[in-house]
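Step one of this worksheet: look at the structure below.
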Amino acid sequence: MTADMTNAADEPGHGRYDLLAKLGEGPRGPRFVARRAGSVAADPWFELELSAFATGEDELLRTFVRDAERATRLAHRNVLGIVDLGTTAAGRFVVTEHVADATLSELQARDAATRRPRVVLAAVIDALHGLHAAHTLCIDGVAQALIHGGIDPGRLRIGLDGVCRISGFGHARPRVQTRPSHRTQSAAGYMAPEQLTGAEFDHRADLFAIGIVLWNALTGKKLFHDRIEHLTMSNVLERRIPRPSLVGLSPPPALDAAVVKALERDPDRRYQTAAEMAAALRDVARGAACLAPASEVSEWVTSAFGGELAARHQTIEQLASQPRPPDAELSMLPPLGRPARAETAAREELSIEELTRAVTGAPAIAAPAAPADRPRTRAPARKQLAILTIAAFAVVAVVLGWRTSHADDDVAPEPAAAPGSQPAPASQAPPAPRIALEVTVLDVHRIAPVVRAPPPDPAPADPAPPRVTATRAPEPTRSASPPARPVVRPKKPGPSRGTEPAESPAPRPAETRAESAPPPVAPPPKPEPPPRQTMDSNPYIYNK
């Protein structure tokens with residue numbers, strides 16, 4: 001029981017119904033098992049379903065109230081009848097009769113691998129009879145068609161008596177939204193194209209939804225569902241409809257035409273009434289000998305959930321016999337078929353490979369059954385296998401190329417043969433020489449440092465000739481000597497055109513001296529190397 005339902009005064013139907021246990025969650029609220037207030041143990045039980053509407057959903061609320069009031073006037077064997085309506089602080093609630101049954105979705109999950117088309121067709125034909133009664137409803141002599149608008153396997157409830165009943169009349173489903181949600185995504189996979197596009201739709205939208213339910217139940221796959229809601233809507237509007245006999249469990253091919261006609265996107269090309277579709281399916285099923293009686297459908301439900309339904313009934317009886325304290329929380333009944341299988345929902349989706357094979361008309365290839373104790377794994381696509389194979393060959397080619405390029409570096413060069421000697425045969429090739437490792441440990445404290453002399457200046461190859469320079473005679477010392485006059489060197493006279501060369505003044509006599517290179521310096525003698533230390537002189541030395 002949720003936290004907002006712990007107070008008995010705030011419970012749906014308080015004062016009129018006593019809640020016994022919680023069954024689960026519906027499209028718009030929780031579902032409970034209840035009985036009338038003040039009733040005894042022998043009185044019948046009911047199911048109470050809450051429908052809460054948020055602010056701004058006034059149109060949906062008006063649709064809910066209108067359809068729920070009409071549904072109270074609908075009494076049919078294949079419709080879960082509404083017995084009461086009410087309002088509470090949490091929202092509106094609908095009270096229906098309680099039946100020991102299981103939904104078609106729960107039966108599909110429990111009987112996934114060996115589902116028989118006989119029982120599926122019998123259940124769907126019963127649901128079509130209930131829809132026809134709703135579509136032809138007359139109130140006070142006036143035809144007031146009641147459209148369900150939300151048919152899915154969870155709304156087809158098959159009882160232990162073998163009768164299929166439709167539930168959910170009056171529970172308006174939310175419009176398809178852009179915000180992803182599990183409820184909206186599941187609903188979009190069972191909606192007619194005119195519902196998704198926002199166009200006006202009539203009772204034939206329910207026939208399209210029944211066609212989807214039948215196709216999924218016969219094949220074990222989901223025709224339009226995808227993990228992304230927008231892709232689910234796109235599949236409903238554009239995906240090609242393959243024949244059921246070529247997909248999944250491969251039902252009899254005689255059913256293909258009837259099922260595909262119910263899935264026509266143009267409402268004028270579908271079955272025009274639910275009775276017409278039920279008659280067509282019955283004729284085809286009888287011709288193919290695949291229509292089960294009600295007793296066989298009852299055996300199907302009993303073998304799948306007979307024990308769990310009996311345990312649920314016993315639990316409800318115990319809760320009904322003991323009065324519940326006002327502040328106590330409601331007990332949650334375990335859902336049916338929880339440990340049914342370990343497969344994920346992605347296994348039920350129709351893959352691209354299966355769709356392509358079914359559209360091209362190739363026969364379906366039955367996959368070998370996997371062990372029950374080991375979950376199945378999804379086989380990789382052919383494109384992925386091709387990419388992995390190419391990558392493996394590329395890695396092998398790179399490794400082989402690298403080893404080939406480094407093969408010459410790994411081979412040691414052969415020693416050159418002596419002149420005049422015969423090459424040794426391959427069997428008598430000399431063994432590779434052993435490499436001896438010599439380790440020397442020196443005592444750095446007892447080794448005298450070696451002082452290296454600076455290298456001598458290299459002697460010139462040829463002595464430079466003496467250089468003659470002109471200098472001025474020394475002048476007497478003065479306190480402030482004027483700056484020395486620069487030495488003016490006579491210019492070499494050259495020939496001139498038409499003029500005599502001018503006489504240059506005579507050079508001033510100056511003293512000359514010859515500068516010679518210094519004599520070469522002999523290199524100093526090389527120092528004697530220190531004596532090699534041995535074991536006697538240094539015990540720290542170890543020579544191997």
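Within each chain, counting starts at residue 1; across the structure tokens, chains are named A, B, ... in the order shown, with ligands numbered 1 upward in that order.
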Checklist entry - Excluding same-chain residues fewer than 3 positions from segment 291-297 of chain A, what lies within 8 Å of it counting only C-alpha atoms, as a list in words? => result Pro117, Arg118, Val119, Leu121, Ala122, Ala123, Asp161, Gly162, Val163, Arg282, Ala285, Arg286, Trp300 and Val301 of chain A
Quick one: residues within 6 Å of Leu128 of chain A, only C-alpha atoms, excluding same-chain residues fewer than 2 positions away - as a PDB file with N, CA and C atoms, in the first residue's frame?
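Saved the output as selection_20.pdb:
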```
ATOM      1  N   ILE A 125     -11.693 -14.475 -30.454  1.00  0.00           N
ATOM      2  CA  ILE A 125     -13.073 -14.465 -30.955  1.00  0.00           C
ATOM      3  C   ILE A 125     -14.042 -14.056 -29.845  1.00  0.00           C
ATOM      4  N   ASP A 126     -13.801 -14.523 -28.600  1.00  0.00           N
ATOM      5  CA  ASP A 126     -14.632 -14.072 -27.483  1.00  0.00           C
ATOM      6  C   ASP A 126     -14.512 -12.566 -27.280  1.00  0.00           C
ATOM      7  N   GLY A 130     -17.424  -9.390 -27.375  1.00  0.00           N
ATOM      8  CA  GLY A 130     -17.606  -8.323 -26.396  1.00  0.00           C
ATOM      9  C   GLY A 130     -17.490  -6.945 -27.021  1.00  0.00           C
ATOM     10  N   LEU A 131     -16.557  -6.784 -27.956  1.00  0.00           N
ATOM     11  CA  LEU A 131     -16.423  -5.494 -28.636  1.00  0.00           C
ATOM     12  C   LEU A 131     -17.657  -5.178 -29.469  1.00  0.00           C
ATOM     13  N   ALA A 274     -16.945  -5.774 -35.634  1.00  0.00           N
ATOM     14  CA  ALA A 274     -16.289  -6.833 -34.869  1.00  0.00           C
ATOM     15  C   ALA A 274     -16.944  -8.180 -35.138  1.00  0.00           C
ATOM     16  N   ALA A 278     -15.040 -11.595 -36.320  1.00  0.00           N
ATOM     17  CA  ALA A 278     -15.174 -12.837 -35.547  1.00  0.00           C
ATOM     18  C   ALA A 278     -15.656 -13.980 -36.428  1.00  0.00           C
TER      19      ALA A 278
END
```
Next on the checklist: I need the residues of segment 158-334 of chain A that end up classed as alpha helix (DSSP H) by DSSP on the backbone, written out as an MDAnalysis selection string.
Outcome noted: chainID A and resid 182:188 193:196 204:219 229:238 256:262 274:287 294:321
Checklist entry - Got a sec: who's within 12 Å of Ser321 of chain A, counting only C-alpha atoms, leaving out chain neighbours fewer than 6 positions off, as a VMD selection string? => result chain A and resid 20 35 39 to 43 314 to 315
Item to check | Distance query Thr197 of chain A at most 10 Å, only C-alpha atoms, self and fewer than 4 positions along chain excluded, as a list in words | outcome: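 Non-adjacent residues within range: Val176, Ala192, Pro193, Met233 and Leu237 of chain A.
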What's around segment 260-271 of chain A at 6 Å? Count only C-alpha atoms, leave out sequence neighbours fewer than 4 positions away in its own chain, and write the answer as a compact mmCIF listing (two decimals) with N, CA and C atoms, in the first residue's frame.
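Heads up, here's the output in around.txt:
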```txt
# COMPACT_ATOMS: atom_id res chain seq x y z
N PHE A 208 -8.35 -2.73 -35.39
CA PHE A 208 -6.91 -2.70 -35.69
C PHE A 208 -6.11 -3.16 -34.48
N GLY A 211 -6.28 -6.81 -34.15
CA GLY A 211 -5.39 -7.44 -35.13
C GLY A 211 -3.95 -7.47 -34.66
N MET A 277 -15.42 -9.66 -38.32
CA MET A 277 -14.08 -10.20 -38.09
C MET A 277 -14.15 -11.51 -37.31
```
Next on the checklist: Would you pick out the contacts of Ala100 of chain A at 9 Å or less, using only C-alpha atoms, so that residues sharing its chain but fewer than 5 positions from it are not included, and give the list as a ChimeraX atom specification?
Outcome noted: /A:158-161,309-310,313
Can you write out the residues you just picked, keeping N, CA and C atoms, as a PDB file, in the first residue's frame?
```
ATOM      1  N   ILE A 158      -8.693 -13.876 -19.315  1.00  0.00           N
ATOM      2  CA  ILE A 158      -9.201 -15.221 -19.574  1.00  0.00           C
ATOM      3  C   ILE A 158      -9.349 -15.937 -18.235  1.00  0.00           C
ATOM      4  N   GLY A 159     -10.553 -16.344 -17.921  1.00  0.00           N
ATOM      5  CA  GLY A 159     -10.831 -16.936 -16.624  1.00  0.00           C
ATOM      6  C   GLY A 159     -10.643 -18.437 -16.601  1.00  0.00           C
ATOM      7  N   LEU A 160     -10.753 -18.979 -15.380  1.00  0.00           N
ATOM      8  CA  LEU A 160     -10.665 -20.427 -15.226  1.00  0.00           C
ATOM      9  C   LEU A 160     -11.845 -21.143 -15.877  1.00  0.00           C
ATOM     10  N   ASP A 161     -12.898 -20.415 -16.178  1.00  0.00           N
ATOM     11  CA  ASP A 161     -14.046 -21.019 -16.869  1.00  0.00           C
ATOM     12  C   ASP A 161     -13.853 -21.059 -18.372  1.00  0.00           C
ATOM     13  N   LEU A 309      -3.531 -18.973  -8.706  1.00  0.00           N
ATOM     14  CA  LEU A 309      -4.863 -18.400  -8.510  1.00  0.00           C
ATOM     15  C   LEU A 309      -5.533 -18.978  -7.264  1.00  0.00           C
ATOM     16  N   ALA A 310      -5.309 -20.269  -6.993  1.00  0.00           N
ATOM     17  CA  ALA A 310      -5.872 -20.874  -5.784  1.00  0.00           C
ATOM     18  C   ALA A 310      -5.232 -20.277  -4.535  1.00  0.00           C
ATOM     19  N   HIS A 313      -6.659 -16.801  -3.992  1.00  0.00           N
ATOM     20  CA  HIS A 313      -8.018 -16.863  -3.434  1.00  0.00           C
ATOM     21  C   HIS A 313      -7.969 -17.169  -1.934  1.00  0.00           C
TER      22      HIS A 313
END
```
Checklist entry - In segment 40-115 of chain A, what's strand (DSSP E) per DSSP? Answer as a list in words? => result Phe46, Glu47, Leu48, Glu49, Leu50, Ser51, Ile82, Val83, Asp84, Leu85, Gly86, Thr87, Thr88, Gly91, Arg92, Phe93, Val94, Val95, Thr96, Glu97, Asp101, Ala102 and Thr103 of chain A
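Proximity of A:Cys164, A:Ile228, A:Val259, A:Ala358 to Leu246 of chain A, computed with only C-alpha atoms, is greatest for A:Ala358.
Atom CA of Tyr190 of chain A to atom CA of Asp152 of chain A spans 6.2 Å [interatomic distance, one decimal].
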